Amino acid sequence: MEHYKMNLTLRIWRQKNSETKGRFETYKIEDISSEMSFLEMMDVLNEKLIREGQEPVAFDHDCREGICGTCSMFINGRPHGPWHANTTCQLHMRAYQDGDTITVEPWRANAFPVLKDLIVDRSAFDRIIQAGGYISVNTGNAVEANSILVPKDQADSSFAAAACIGCGACVAACKNSSAMLFVSAKVSHLALLPQGYPERKTRALNMIAQMDKEGFGSCTNTQACESVCPKEISMTNIAKLNSEFILAGLSD
Amino acid sequence: MLDSKIPAGPLEQKWSEYKGHVKLVNPANKRKIEIIVVGTGLAGASAAASLAEMGYQVKTYCFHDSPRRAHSISAQGGINAAKNYQNDGDSVFRLFYDTVKGGDYRARESNVHRLSEVSANIIDQCVAQGVPFAREYGGLLSNRSFGGTQVQRTFYAAGQTGQQLLIGAYQALERQIALGNVTMYARHEMQELVLIDGKARGIIARNLVTGNLERHFGHTVLLCTGGYSNVYYLSTSGMGSNVTAAWKAHKQGACFANPCFTQIHPTCIPVSGEHQSKLTLMSESLRNDGRIWVPKKQNETRKPGEIPEEERDYYLERRYPAFGNLVPRDVASRAAKERCDAGYGVGTSRQAVYLDYAEAINRYGRIECNKNGIANPSPEIIRRHGMDVVKEKYGNLFNMYEKITGENPYEVPMRIYPAVHYTMGGLWVDYELMTTIPGLYCLGEANFSDHGANRLGASALMQGLADGYFVIPYTIGNYLSDEIRTKEIPTDHPAFEKAEKVVADRISQLKNIGGTKTVDHFHKRLGKIMWDKCGMARNANGLREAIVEIQQLKKDFYNDLKIPGEIYEMNPELDKASRVADFIELGELMCMDALNRNESCGGHFREEMQTEEGEAKRDDENFSYVAAWQFAGEHEWVLIKEPLEFEVAKPSQRSYK
């Protein structure tokens, strides 16, 4: 693979805290290697800003291998940048060319208030899980693991939904800031397993109630969420969520 | 001097005997007892949830925005358990034996046996929580093999086992939060331990959003804060993983055990340049099917596909025919380093070896063609079917490799090189997981107890969850049963006031240095010293030099550090600075420990101590002990030895030939 260097213009959202208004700032950055990750490019920018006596750009990140769901940048109008099925931390600079301008914003949603620069508060997701995104089993309650058989295709579908990393890209991509993909992934993950079956009705009702309470919007059916999801969580989960919700409502 | 509190009696009965006689706390009293749990990875989340279910009042802390982000989530390959579902001769004893041997006879037998005993319960618990483990067509759980063992006992969820297990524990934790039994403090970092009358009674935490310091009381404190690989700057750990909580406890009296025992993982994506901020692991499970090789010719310039079979050196299969590509991690890492140092490395840096899937794709392809009744399949058809199988097993790992390197591992062999991955050392704990400070416990990777000098693959998840779900809920009662008369201590107590002032002074000291260099500048310097002189191979001269260099680095850090922004606001640079300050001190202790341990064992390889074939040479006569270091002032530590006794797994030279 050919490596190259590039000079870039960055337009980055700066906001001191949740109380103040933010604005875009423009920065020039030089000699960026195509082998760097996007966040390594941000590290280079921050080192430069600190040396020049300016404040570095605050952004969320941790594992830098695409699994913890912490990183959250809205890059040139798309959550996590241009690559398909990808997180910001896995985006590499070979996606860009010398002379490019890159605009970086935080997730934009009422339910995700900005804390500083590119960092937002996603605790609403935790509260949705608290509303029912679990199986009620205390430590020590469990039966022998192989005593309940789970058909392979069902286990695989459950796993595919459980792969959600809770990053919030789905919300950021949706023009209604809906959290339906996130909620449906959890509902499907658990409803598809026999262990999660007994609580499926209350789970769907309570998680949706909490989602509404947090200020997330309704589903637009435009599939923007699916197209930006780093873990390729499928829209069919939303259909599953709707059917779980209706079923729960009917039997009430 | 150190009382490990190992119960008397035969090894296989110690834990049941202990459980049968341990003191209990009645439900009404549990409600009055507050427990602080720092860290919400596998150990912390499982402990917090289990203790809250039992009726205790729990407070938990994590520096992430949510407990679901702890770095346990990055574990890929799997979790071991002695279920013997494959009928291949596995048992509690065999898991115990493999772990003690894999750890090169530097772990405590009693702890390891308990770990093996509860391993099966962990799988039951996780399945009940809805962890979607891989399954066979009959609906039963699937297993695969891992390094250092000859049975298939590893349970997995594609290459995302850590994620699925953590989400299971996280959901259990969130349920307890909803029930009001746990109070969660996200974006908080522990900055100091509060001791009252010699007992752990609380912490000072910094709110990372506002910068404010907060005082929190607990009858007892559990540190579940993970490992310290980031002392090397480049490691597979998360960027925020740090030693601060454990280090603050150490400086207040908790002994730090075997700090030099670090695990260098053999299959990571090689460093690509100066800008590198972290390293990415490729799961050990890839060694199940992949073959590792280098060219037989030094400084080979041909592309891997152009090198014919007979000019390839499958050096692990050559040196270790019995275990082949599945030798334990320390052995595989050293063998890669040996080949690269000898000039056989590949890639532009020459610091890499190939991990090749061509044969596996071909083998699986033939099996699939047979299954589907395809007679005389063309190589292309075989390849296509083989790729599908490999994709199902390892697809997410292959994708990750491609994203980082821009190369397609289905077409060309992956380039891999060892990287710092895990730390076996940690706070010293007794059989009950209590440190040398009464009332202070330490769980998971943060403690030293179960992996000796080398951890086997798929055992970190097992230990974190064993400690949290099935050990601490029992052992903590032995301490808390004597604490039921202790009333909540108000946080205006002088001990809290004093601890908070210590933290405030420390933070303003850092902030006011007013130098010219960034935190990362110092962190990278530290990492380079550690990797060069306390990394995969160590020697006495290098370690002595490293100690001097680190002491100088510490001076430079406190003279020339520059932190932008303010103290009372969100300030990630300030957070990093306080972590790196602790890493610098830890680095010095690691080198002292490595210098003291004049033997080679597990991941600790002293160049002076090797066999003629270049294998690690242990010295059981002089070093069969846990090195527990007590802090005694700047640059000074006292070594306390806990002798290791092996009643069942008798030490022998580890052989994987």
# chains A, B, ... in the order shown; residues from 1 in each chain; ligands from 1

$ residues_around --residues "B:Gly159" --least-positions-apart "5" --cutoff "9 Å" --atoms "only C-alpha atoms" --output "PyMOL selection string"
chain B and resi 75-78+283+285+393-397

$ interface_residues --of "chain A" --to "chain B" --cutoff "6 Å" --atoms "only C-alpha atoms" --output "PyMOL selection string"
chain A and resi 55+62-63+68+130+134-135+139+142+144-146+149-152+155+159

$ write_last_selection --atoms "C-alpha atoms" --output "tab-separated table (two decimals), in the first residue's frame"
chain	number	residue	atom	x	y	z
A	55	GLU	CA	-6.65	24.86	24.29
A	62	ASP	CA	-10.79	5.09	24.64
A	63	CYS	CA	-10.25	1.67	23.09
A	68	CYS	CA	-16.00	0.49	23.27
A	130	GLN	CA	-32.12	0.77	33.27
A	134	TYR	CA	-31.62	-6.73	31.02
A	135	ILE	CA	-32.73	-10.17	32.14
A	139	THR	CA	-25.88	-14.04	40.56
A	142	ALA	CA	-28.46	-19.61	36.90
A	144	GLU	CA	-26.62	-25.32	33.88
A	145	ALA	CA	-25.69	-23.49	30.69
A	146	ASN	CA	-26.50	-26.30	28.26
A	149	LEU	CA	-30.97	-25.19	23.95
A	150	VAL	CA	-30.87	-22.17	21.68
A	151	PRO	CA	-31.12	-22.83	17.94
A	152	LYS	CA	-27.99	-21.60	16.18
A	155	ALA	CA	-28.37	-17.29	18.73
A	159	PHE	CA	-25.62	-11.86	18.66

$ closest_residue --among "B:Glu585, B:Ile6, B:Asn242, B:Gly305" --to "B:Leu433" --atoms "only C-alpha atoms"
B:Ile6

$ select_by_dssp --residues "stretch 12-195 of chain A" --states "strand (DSSP E)" --output "CSV table (one decimal) with all heavy atoms, in the first residue's frame"
chain,number,residue,atom,x,y,z
A,12,ILE,N,-13.5,22.8,13.1
A,12,ILE,CA,-13.9,22.0,14.3
A,12,ILE,C,-14.8,22.8,15.2
A,12,ILE,O,-14.5,24.0,15.5
A,12,ILE,CB,-12.6,21.5,15.1
A,12,ILE,CG1,-11.8,20.6,14.1
A,12,ILE,CG2,-13.0,20.8,16.3
A,12,ILE,CD1,-10.5,20.1,14.7
A,13,TRP,N,-15.8,22.1,15.7
A,13,TRP,CA,-16.8,22.8,16.7
A,13,TRP,C,-16.1,22.9,18.0
A,13,TRP,O,-15.6,22.0,18.6
A,13,TRP,CB,-18.0,21.9,16.8
A,13,TRP,CG,-19.1,22.6,17.7
A,13,TRP,CD1,-19.4,22.3,19.0
A,13,TRP,CD2,-20.0,23.6,17.3
A,13,TRP,NE1,-20.4,23.1,19.4
A,13,TRP,CE2,-20.8,23.9,18.4
A,13,TRP,CE3,-20.1,24.3,16.1
A,13,TRP,CZ2,-21.7,24.9,18.4
A,13,TRP,CZ3,-21.1,25.3,16.1
A,13,TRP,CH2,-21.9,25.6,17.2
A,14,ARG,N,-16.1,24.2,18.5
A,14,ARG,CA,-15.5,24.4,19.8
A,14,ARG,C,-16.6,25.0,20.7
A,14,ARG,O,-17.3,25.9,20.4
A,14,ARG,CB,-14.3,25.5,19.7
A,14,ARG,CG,-13.2,25.1,18.8
A,14,ARG,CD,-12.5,23.8,19.2
A,14,ARG,NE,-12.1,23.6,20.5
A,14,ARG,CZ,-10.8,23.8,21.0
A,14,ARG,NH1,-9.9,24.2,20.1
A,14,ARG,NH2,-10.5,23.6,22.2
A,23,ARG,N,-18.9,27.5,18.5
A,23,ARG,CA,-18.7,28.1,17.2
A,23,ARG,C,-17.7,27.2,16.4
A,23,ARG,O,-17.0,26.4,17.0
A,23,ARG,CB,-18.1,29.5,17.3
A,23,ARG,CG,-16.7,29.4,17.8
A,23,ARG,CD,-16.2,30.6,18.6
A,23,ARG,NE,-14.9,30.3,19.1
A,23,ARG,CZ,-14.6,29.7,20.2
A,23,ARG,NH1,-15.6,29.3,21.0
A,23,ARG,NH2,-13.4,29.4,20.6
A,24,PHE,N,-17.6,27.4,15.1
A,24,PHE,CA,-16.5,26.6,14.4
A,24,PHE,C,-15.2,27.4,14.4
A,24,PHE,O,-15.2,28.6,14.3
A,24,PHE,CB,-16.9,26.4,12.9
A,24,PHE,CG,-17.9,25.3,12.7
A,24,PHE,CD1,-19.2,25.5,12.5
A,24,PHE,CD2,-17.4,24.0,12.8
A,24,PHE,CE1,-20.1,24.4,12.3
A,24,PHE,CE2,-18.3,22.9,12.6
A,24,PHE,CZ,-19.6,23.1,12.4
A,25,GLU,N,-14.1,26.7,14.6
A,25,GLU,CA,-12.8,27.3,14.4
A,25,GLU,C,-12.1,26.6,13.3
A,25,GLU,O,-12.3,25.4,13.1
A,25,GLU,CB,-12.0,27.1,15.7
A,25,GLU,CG,-12.5,27.9,16.9
A,25,GLU,CD,-12.0,29.3,16.9
A,25,GLU,OE1,-11.1,29.7,16.1
A,25,GLU,OE2,-12.5,30.1,17.7
A,26,THR,N,-11.2,27.3,12.6
A,26,THR,CA,-10.5,26.7,11.5
A,26,THR,C,-9.0,26.5,11.8
A,26,THR,O,-8.4,27.4,12.4
A,26,THR,CB,-10.6,27.5,10.2
A,26,THR,OG1,-12.0,27.7,10.0
A,26,THR,CG2,-10.0,26.9,9.0
A,27,TYR,N,-8.5,25.3,11.5
A,27,TYR,CA,-7.1,25.1,11.8
A,27,TYR,C,-6.4,24.5,10.6
A,27,TYR,O,-7.0,23.7,9.9
A,27,TYR,CB,-6.9,24.0,13.0
A,27,TYR,CG,-7.6,24.4,14.2
A,27,TYR,CD1,-8.9,24.0,14.5
A,27,TYR,CD2,-7.0,25.3,15.2
A,27,TYR,CE1,-9.6,24.3,15.7
A,27,TYR,CE2,-7.7,25.6,16.3
A,27,TYR,CZ,-9.0,25.2,16.6
A,27,TYR,OH,-9.6,25.5,17.7
A,28,LYS,N,-5.2,24.9,10.4
A,28,LYS,CA,-4.4,24.2,9.3
A,28,LYS,C,-3.5,23.2,9.9
A,28,LYS,O,-2.9,23.5,11.0
A,28,LYS,CB,-3.5,25.3,8.6
A,28,LYS,CG,-4.3,26.4,7.9
A,28,LYS,CD,-4.6,26.0,6.5
A,28,LYS,CE,-5.3,27.2,5.8
A,28,LYS,NZ,-6.1,26.8,4.7
A,29,ILE,N,-3.3,22.1,9.3
A,29,ILE,CA,-2.4,21.1,9.8
A,29,ILE,C,-1.6,20.5,8.7
A,29,ILE,O,-2.2,20.2,7.6
A,29,ILE,CB,-3.2,20.0,10.6
A,29,ILE,CG1,-2.3,19.1,11.4
A,29,ILE,CG2,-4.2,19.3,9.8
A,29,ILE,CD1,-3.0,18.3,12.5
A,30,GLU,N,-0.3,20.2,8.9
A,30,GLU,CA,0.6,19.8,7.8
A,30,GLU,C,1.2,18.4,8.1
A,30,GLU,O,1.3,18.0,9.3
A,30,GLU,CB,1.7,20.8,7.7
A,30,GLU,CG,1.1,22.1,7.1
A,30,GLU,CD,2.1,23.3,7.2
A,30,GLU,OE1,3.2,23.1,7.8
A,30,GLU,OE2,1.7,24.4,6.8
A,31,ASP,N,1.6,17.8,7.0
A,31,ASP,CA,2.5,16.6,7.1
A,31,ASP,C,1.8,15.4,7.8
A,31,ASP,O,2.4,14.7,8.6
A,31,ASP,CB,3.7,16.9,8.0
A,31,ASP,CG,4.9,17.0,7.0
A,31,ASP,OD1,4.8,16.8,5.8
A,31,ASP,OD2,6.0,17.2,7.5
A,32,ILE,N,0.5,15.3,7.5
A,32,ILE,CA,-0.3,14.2,8.1
A,32,ILE,C,0.0,12.9,7.2
A,32,ILE,O,-0.2,13.0,6.0
A,32,ILE,CB,-1.8,14.5,8.1
A,32,ILE,CG1,-2.0,15.7,9.1
A,32,ILE,CG2,-2.6,13.3,8.5
A,32,ILE,CD1,-1.6,15.4,10.5
A,33,SER,N,0.3,11.8,7.9
A,33,SER,CA,0.6,10.6,7.1
A,33,SER,C,-0.7,9.8,6.8
A,33,SER,O,-1.6,9.8,7.7
A,33,SER,CB,1.5,9.7,8.0
A,33,SER,OG,1.4,8.4,7.6
A,74,PHE,N,-18.8,13.7,14.3
A,74,PHE,CA,-19.7,13.9,13.1
A,74,PHE,C,-18.8,14.5,12.0
A,74,PHE,O,-18.4,15.7,12.1
A,74,PHE,CB,-20.8,14.8,13.5
A,74,PHE,CG,-22.0,14.7,12.6
A,74,PHE,CD1,-22.9,13.7,12.7
A,74,PHE,CD2,-22.3,15.7,11.7
A,74,PHE,CE1,-24.1,13.6,11.9
A,74,PHE,CE2,-23.4,15.7,10.9
A,74,PHE,CZ,-24.3,14.6,11.0
A,75,ILE,N,-18.3,13.7,11.1
A,75,ILE,CA,-17.3,14.2,10.2
A,75,ILE,C,-17.8,14.4,8.8
A,75,ILE,O,-18.4,13.5,8.1
A,75,ILE,CB,-16.2,13.1,10.1
A,75,ILE,CG1,-15.6,12.8,11.5
A,75,ILE,CG2,-15.0,13.5,9.2
A,75,ILE,CD1,-14.8,11.6,11.6
A,78,ARG,N,-21.4,13.3,8.4
A,78,ARG,CA,-21.7,11.8,8.6
A,78,ARG,C,-21.1,11.3,9.9
A,78,ARG,O,-19.9,11.5,10.1
A,78,ARG,CB,-21.2,11.1,7.4
A,78,ARG,CG,-21.7,9.7,7.2
A,78,ARG,CD,-21.0,9.0,6.0
A,78,ARG,NE,-20.9,7.6,6.3
A,78,ARG,CZ,-21.8,6.7,6.0
A,78,ARG,NH1,-22.8,7.0,5.3
A,78,ARG,NH2,-21.6,5.4,6.3
A,79,PRO,N,-21.9,10.6,10.7
A,79,PRO,CA,-21.3,10.1,12.0
A,79,PRO,C,-20.2,9.1,11.7
A,79,PRO,O,-20.3,8.3,10.8
A,79,PRO,CB,-22.5,9.4,12.6
A,79,PRO,CG,-23.7,9.9,12.0
A,79,PRO,CD,-23.3,10.4,10.6
A,101,THR,N,-10.6,19.8,3.1
A,101,THR,CA,-11.1,20.4,4.2
A,101,THR,C,-12.0,19.4,5.0
A,101,THR,O,-12.9,18.8,4.3
A,101,THR,CB,-11.9,21.7,3.8
A,101,THR,OG1,-11.0,22.6,3.2
A,101,THR,CG2,-12.5,22.4,5.1
A,102,ILE,N,-11.8,19.3,6.3
A,102,ILE,CA,-12.7,18.3,7.0
A,102,ILE,C,-13.4,19.1,8.1
A,102,ILE,O,-12.8,19.8,8.9
A,102,ILE,CB,-11.8,17.2,7.6
A,102,ILE,CG1,-10.9,16.5,6.5
A,102,ILE,CG2,-12.7,16.2,8.3
A,102,ILE,CD1,-9.9,15.6,7.1
A,103,THR,N,-14.7,18.9,8.2
A,103,THR,CA,-15.5,19.5,9.2
A,103,THR,C,-15.9,18.5,10.3
A,103,THR,O,-16.4,17.4,10.0
A,103,THR,CB,-16.8,20.1,8.6
A,103,THR,OG1,-16.4,21.0,7.6
A,103,THR,CG2,-17.6,20.8,9.6
A,104,VAL,N,-15.6,18.9,11.5
A,104,VAL,CA,-15.8,17.9,12.6
A,104,VAL,C,-16.8,18.5,13.7
A,104,VAL,O,-16.5,19.6,14.2
A,104,VAL,CB,-14.5,17.5,13.3
A,104,VAL,CG1,-14.8,16.3,14.3
A,104,VAL,CG2,-13.5,17.1,12.3
A,105,GLU,N,-17.9,17.8,13.9
A,105,GLU,CA,-18.9,18.3,14.9
A,105,GLU,C,-19.1,17.2,15.9
A,105,GLU,O,-18.9,16.1,15.7
A,105,GLU,CB,-20.2,18.7,14.2
A,105,GLU,CG,-20.1,19.7,13.1
A,105,GLU,CD,-21.4,19.7,12.3
A,105,GLU,OE1,-22.4,20.2,12.8
A,105,GLU,OE2,-21.4,19.2,11.2
A,114,VAL,N,-24.1,18.8,24.6
A,114,VAL,CA,-22.7,18.9,24.5
A,114,VAL,C,-22.1,19.3,25.8
A,114,VAL,O,-22.6,20.2,26.5
A,114,VAL,CB,-22.3,20.0,23.5
A,114,VAL,CG1,-20.8,20.3,23.4
A,114,VAL,CG2,-22.8,19.6,22.1
A,115,LEU,N,-21.0,18.6,26.2
A,115,LEU,CA,-20.4,18.9,27.5
A,115,LEU,C,-19.2,19.8,27.3
A,115,LEU,O,-18.9,20.7,28.0
A,115,LEU,CB,-19.9,17.6,28.2
A,115,LEU,CG,-21.0,16.6,28.7
A,115,LEU,CD1,-20.3,15.4,29.2
A,115,LEU,CD2,-21.8,17.3,29.8
A,116,LYS,N,-18.4,19.5,26.2
A,116,LYS,CA,-17.3,20.4,25.8
A,116,LYS,C,-16.9,20.0,24.4
A,116,LYS,O,-16.8,18.8,24.1
A,116,LYS,CB,-16.2,20.2,26.8
A,116,LYS,CG,-15.0,21.1,26.4
A,116,LYS,CD,-13.9,21.1,27.5
A,116,LYS,CE,-12.9,22.2,27.2
A,116,LYS,NZ,-11.9,22.4,28.3
A,119,ILE,N,-17.4,16.5,22.8
A,119,ILE,CA,-17.9,15.5,23.8
A,119,ILE,C,-19.4,15.8,24.2
A,119,ILE,O,-19.7,16.9,24.5
A,119,ILE,CB,-17.0,15.6,25.1
A,119,ILE,CG1,-15.6,15.2,24.8
A,119,ILE,CG2,-17.6,14.7,26.2
A,119,ILE,CD1,-14.7,15.2,26.0
A,120,VAL,N,-20.2,14.7,24.1
A,120,VAL,CA,-21.6,14.9,24.5
A,120,VAL,C,-21.9,13.9,25.6
A,120,VAL,O,-21.2,13.0,25.9
A,120,VAL,CB,-22.5,14.6,23.3
A,120,VAL,CG1,-22.3,15.6,22.1
A,120,VAL,CG2,-22.4,13.1,22.8

$ select_by_dssp --residues "stretch 337-513 of chain B" --states "alpha helix (DSSP H)" --output "VMD selection string"
chain B and resid 337 to 339 358 to 371 379 to 405 460 to 465 472 to 480 494 to 511

$ residues_around --residues "stretch 170-182 of chain A" --least-positions-apart "5" --cutoff "8 Å" --atoms "only C-alpha atoms" --output "list of chain:residue names"
A:Phe74, A:Arg78, A:Pro79, A:Trp107, A:Arg108, A:Ala109, A:Asn110, A:Cys164, A:Met211, A:Phe216, A:Gly217, A:Ser218, A:Cys219, A:Thr220, A:Ala224, A:Cys225, A:Glu226, A:Val228, A:Cys229, A:Ile233, A:Ser234, A:Met235, A:Asn237, A:Ile238

$ write_last_selection --atoms "N, CA, C and O atoms" --output "compact mmCIF listing (two decimals), in the first residue's frame"
# COMPACT_ATOMS: atom_id res chain seq x y z
N PHE A 74 -18.80 13.68 14.25
CA PHE A 74 -19.66 13.87 13.09
C PHE A 74 -18.77 14.52 12.04
O PHE A 74 -18.43 15.69 12.14
N ARG A 78 -21.38 13.25 8.43
CA ARG A 78 -21.72 11.84 8.61
C ARG A 78 -21.10 11.32 9.89
O ARG A 78 -19.90 11.52 10.13
N PRO A 79 -21.90 10.63 10.73
CA PRO A 79 -21.33 10.09 11.97
C PRO A 79 -20.20 9.11 11.66
O PRO A 79 -20.35 8.25 10.78
N TRP A 107 -21.96 14.87 18.11
CA TRP A 107 -23.31 14.35 17.83
C TRP A 107 -24.29 15.50 18.11
O TRP A 107 -24.14 16.20 19.11
N ARG A 108 -25.27 15.66 17.23
CA ARG A 108 -26.28 16.71 17.46
C ARG A 108 -27.62 16.06 17.79
O ARG A 108 -28.21 15.41 16.93
N ALA A 109 -28.06 16.20 19.04
CA ALA A 109 -29.38 15.70 19.45
C ALA A 109 -29.72 16.33 20.79
O ALA A 109 -28.82 16.50 21.62
N ASN A 110 -30.99 16.69 20.99
CA ASN A 110 -31.39 17.29 22.27
C ASN A 110 -31.09 16.36 23.43
O ASN A 110 -30.74 16.80 24.52
N CYS A 164 -24.33 -4.16 19.10
CA CYS A 164 -24.43 -2.70 19.28
C CYS A 164 -23.43 -2.22 20.32
O CYS A 164 -23.31 -2.81 21.39
N MET A 211 -37.36 6.00 26.39
CA MET A 211 -36.80 6.64 25.20
C MET A 211 -37.56 7.94 24.91
O MET A 211 -36.96 8.98 24.66
N PHE A 216 -35.86 11.66 22.71
CA PHE A 216 -35.53 11.16 21.37
C PHE A 216 -36.79 11.22 20.50
O PHE A 216 -37.90 11.03 21.00
N GLY A 217 -36.60 11.43 19.19
CA GLY A 217 -37.76 11.54 18.30
C GLY A 217 -38.27 10.20 17.80
O GLY A 217 -37.78 9.14 18.19
N SER A 218 -39.26 10.26 16.90
CA SER A 218 -39.82 9.03 16.35
C SER A 218 -39.01 8.57 15.15
O SER A 218 -38.29 9.33 14.52
N CYS A 219 -39.22 7.31 14.80
CA CYS A 219 -38.53 6.72 13.66
C CYS A 219 -38.99 7.40 12.36
O CYS A 219 -40.17 7.66 12.17
N THR A 220 -38.03 7.70 11.49
CA THR A 220 -38.37 8.34 10.21
C THR A 220 -38.54 7.32 9.09
O THR A 220 -38.96 7.67 8.00
N ALA A 224 -31.41 6.02 7.79
CA ALA A 224 -30.13 6.70 7.96
C ALA A 224 -29.32 6.02 9.06
O ALA A 224 -28.10 5.89 8.97
N CYS A 225 -30.02 5.55 10.10
CA CYS A 225 -29.34 4.92 11.24
C CYS A 225 -28.56 3.69 10.80
O CYS A 225 -27.39 3.52 11.11
N GLU A 226 -29.25 2.83 10.06
CA GLU A 226 -28.62 1.58 9.62
C GLU A 226 -27.39 1.87 8.76
O GLU A 226 -26.36 1.20 8.88
N VAL A 228 -25.26 4.21 8.82
CA VAL A 228 -24.05 4.71 9.49
C VAL A 228 -23.61 3.83 10.66
O VAL A 228 -22.58 4.08 11.27
N CYS A 229 -24.39 2.81 10.98
CA CYS A 229 -24.08 2.01 12.17
C CYS A 229 -22.74 1.29 12.00
O CYS A 229 -22.56 0.52 11.07
N ILE A 233 -25.99 -2.84 12.57
CA ILE A 233 -27.24 -3.27 13.19
C ILE A 233 -28.36 -3.02 12.18
O ILE A 233 -28.47 -1.94 11.61
N SER A 234 -29.18 -4.04 11.98
CA SER A 234 -30.16 -3.98 10.90
C SER A 234 -31.46 -3.30 11.32
O SER A 234 -31.90 -3.42 12.47
N MET A 235 -32.07 -2.61 10.35
CA MET A 235 -33.39 -2.00 10.54
C MET A 235 -34.46 -3.03 10.89
O MET A 235 -35.51 -2.68 11.44
N ASN A 237 -34.47 -4.97 13.12
CA ASN A 237 -34.67 -4.94 14.57
C ASN A 237 -35.76 -3.96 14.95
O ASN A 237 -36.47 -4.17 15.94
N ILE A 238 -35.86 -2.87 14.19
CA ILE A 238 -36.92 -1.90 14.51
C ILE A 238 -38.29 -2.51 14.23
O ILE A 238 -39.23 -2.33 15.01

$ residues_around --residues "B:Glu359" --least-positions-apart "3" --cutoff "9 Å" --atoms "only C-alpha atoms" --output "mmCIF file with C-alpha atoms, in the first residue's frame"
data_model
loop_
_atom_site.group_PDB
_atom_site.id
_atom_site.type_symbol
_atom_site.label_atom_id
_atom_site.label_comp_id
_atom_site.auth_asym_id
_atom_site.auth_seq_id
_atom_site.Cartn_x
_atom_site.Cartn_y
_atom_site.Cartn_z
ATOM 1 C CA ASP B 289 -6.027 -21.826 12.181
ATOM 2 C CA GLY B 290 -3.329 -19.428 11.066
ATOM 3 C CA ARG B 291 0.290 -20.475 10.599
ATOM 4 C CA ASP B 356 -0.936 -16.875 7.177
ATOM 5 C CA ASN B 362 -7.945 -24.259 1.569
ATOM 6 C CA ARG B 363 -8.597 -26.859 4.292
ATOM 7 C CA TYR B 364 -12.006 -25.440 5.263
#

$ atom_distance --atom1 "atom CA of B:Ser116" --atom2 "atom CA of B:Asn622"
28.1 Å

$ closest_residue --among "B:Ile203, B:Ile367, B:Leu95, B:Val412" --to "B:Arg153" --atoms "only C-alpha atoms"
B:Leu95

$ residues_around --residues "B:Ala546" --least-positions-apart "6" --cutoff "9 Å" --atoms "only C-alpha atoms" --output "PDB file with N, CA, C and O atoms, in the first residue's frame"
ATOM      1  N   ILE B 529      11.683   4.007  27.414  1.00  0.00           N
ATOM      2  CA  ILE B 529      12.607   3.427  28.412  1.00  0.00           C
ATOM      3  C   ILE B 529      12.104   2.038  28.814  1.00  0.00           C
ATOM      4  O   ILE B 529      12.859   1.059  28.837  1.00  0.00           O
ATOM      5  N   MET B 530      10.813   1.953  29.094  1.00  0.00           N
ATOM      6  CA  MET B 530      10.248   0.694  29.592  1.00  0.00           C
ATOM      7  C   MET B 530      10.315  -0.403  28.536  1.00  0.00           C
ATOM      8  O   MET B 530      10.642  -1.545  28.829  1.00  0.00           O
ATOM      9  N   ASP B 532      12.332  -0.596  25.876  1.00  0.00           N
ATOM     10  CA  ASP B 532      13.706  -0.984  25.535  1.00  0.00           C
ATOM     11  C   ASP B 532      14.373  -1.771  26.654  1.00  0.00           C
ATOM     12  O   ASP B 532      15.149  -2.682  26.405  1.00  0.00           O
ATOM     13  N   LYS B 533      14.097  -1.403  27.897  1.00  0.00           N
ATOM     14  CA  LYS B 533      14.890  -1.970  28.990  1.00  0.00           C
ATOM     15  C   LYS B 533      14.111  -2.835  29.974  1.00  0.00           C
ATOM     16  O   LYS B 533      14.704  -3.530  30.795  1.00  0.00           O
ATOM     17  N   CYS B 534      12.786  -2.777  29.905  1.00  0.00           N
ATOM     18  CA  CYS B 534      11.997  -3.620  30.813  1.00  0.00           C
ATOM     19  C   CYS B 534      10.870  -4.272  30.006  1.00  0.00           C
ATOM     20  O   CYS B 534       9.755  -4.427  30.472  1.00  0.00           O
ATOM     21  N   GLY B 587       6.849   2.806  36.966  1.00  0.00           N
ATOM     22  CA  GLY B 587       7.896   2.323  36.054  1.00  0.00           C
ATOM     23  C   GLY B 587       9.183   2.030  36.805  1.00  0.00           C
ATOM     24  O   GLY B 587       9.846   1.020  36.581  1.00  0.00           O
ATOM     25  N   GLU B 588       9.503   2.917  37.734  1.00  0.00           N
ATOM     26  CA  GLU B 588      10.722   2.708  38.513  1.00  0.00           C
ATOM     27  C   GLU B 588      10.623   1.424  39.342  1.00  0.00           C
ATOM     28  O   GLU B 588      11.556   0.616  39.376  1.00  0.00           O
ATOM     29  N   CYS B 591      11.066  -1.731  37.234  1.00  0.00           N
ATOM     30  CA  CYS B 591      12.468  -2.023  36.919  1.00  0.00           C
ATOM     31  C   CYS B 591      13.192  -2.594  38.136  1.00  0.00           C
ATOM     32  O   CYS B 591      14.014  -3.505  38.012  1.00  0.00           O
TER      33      CYS B 591
END
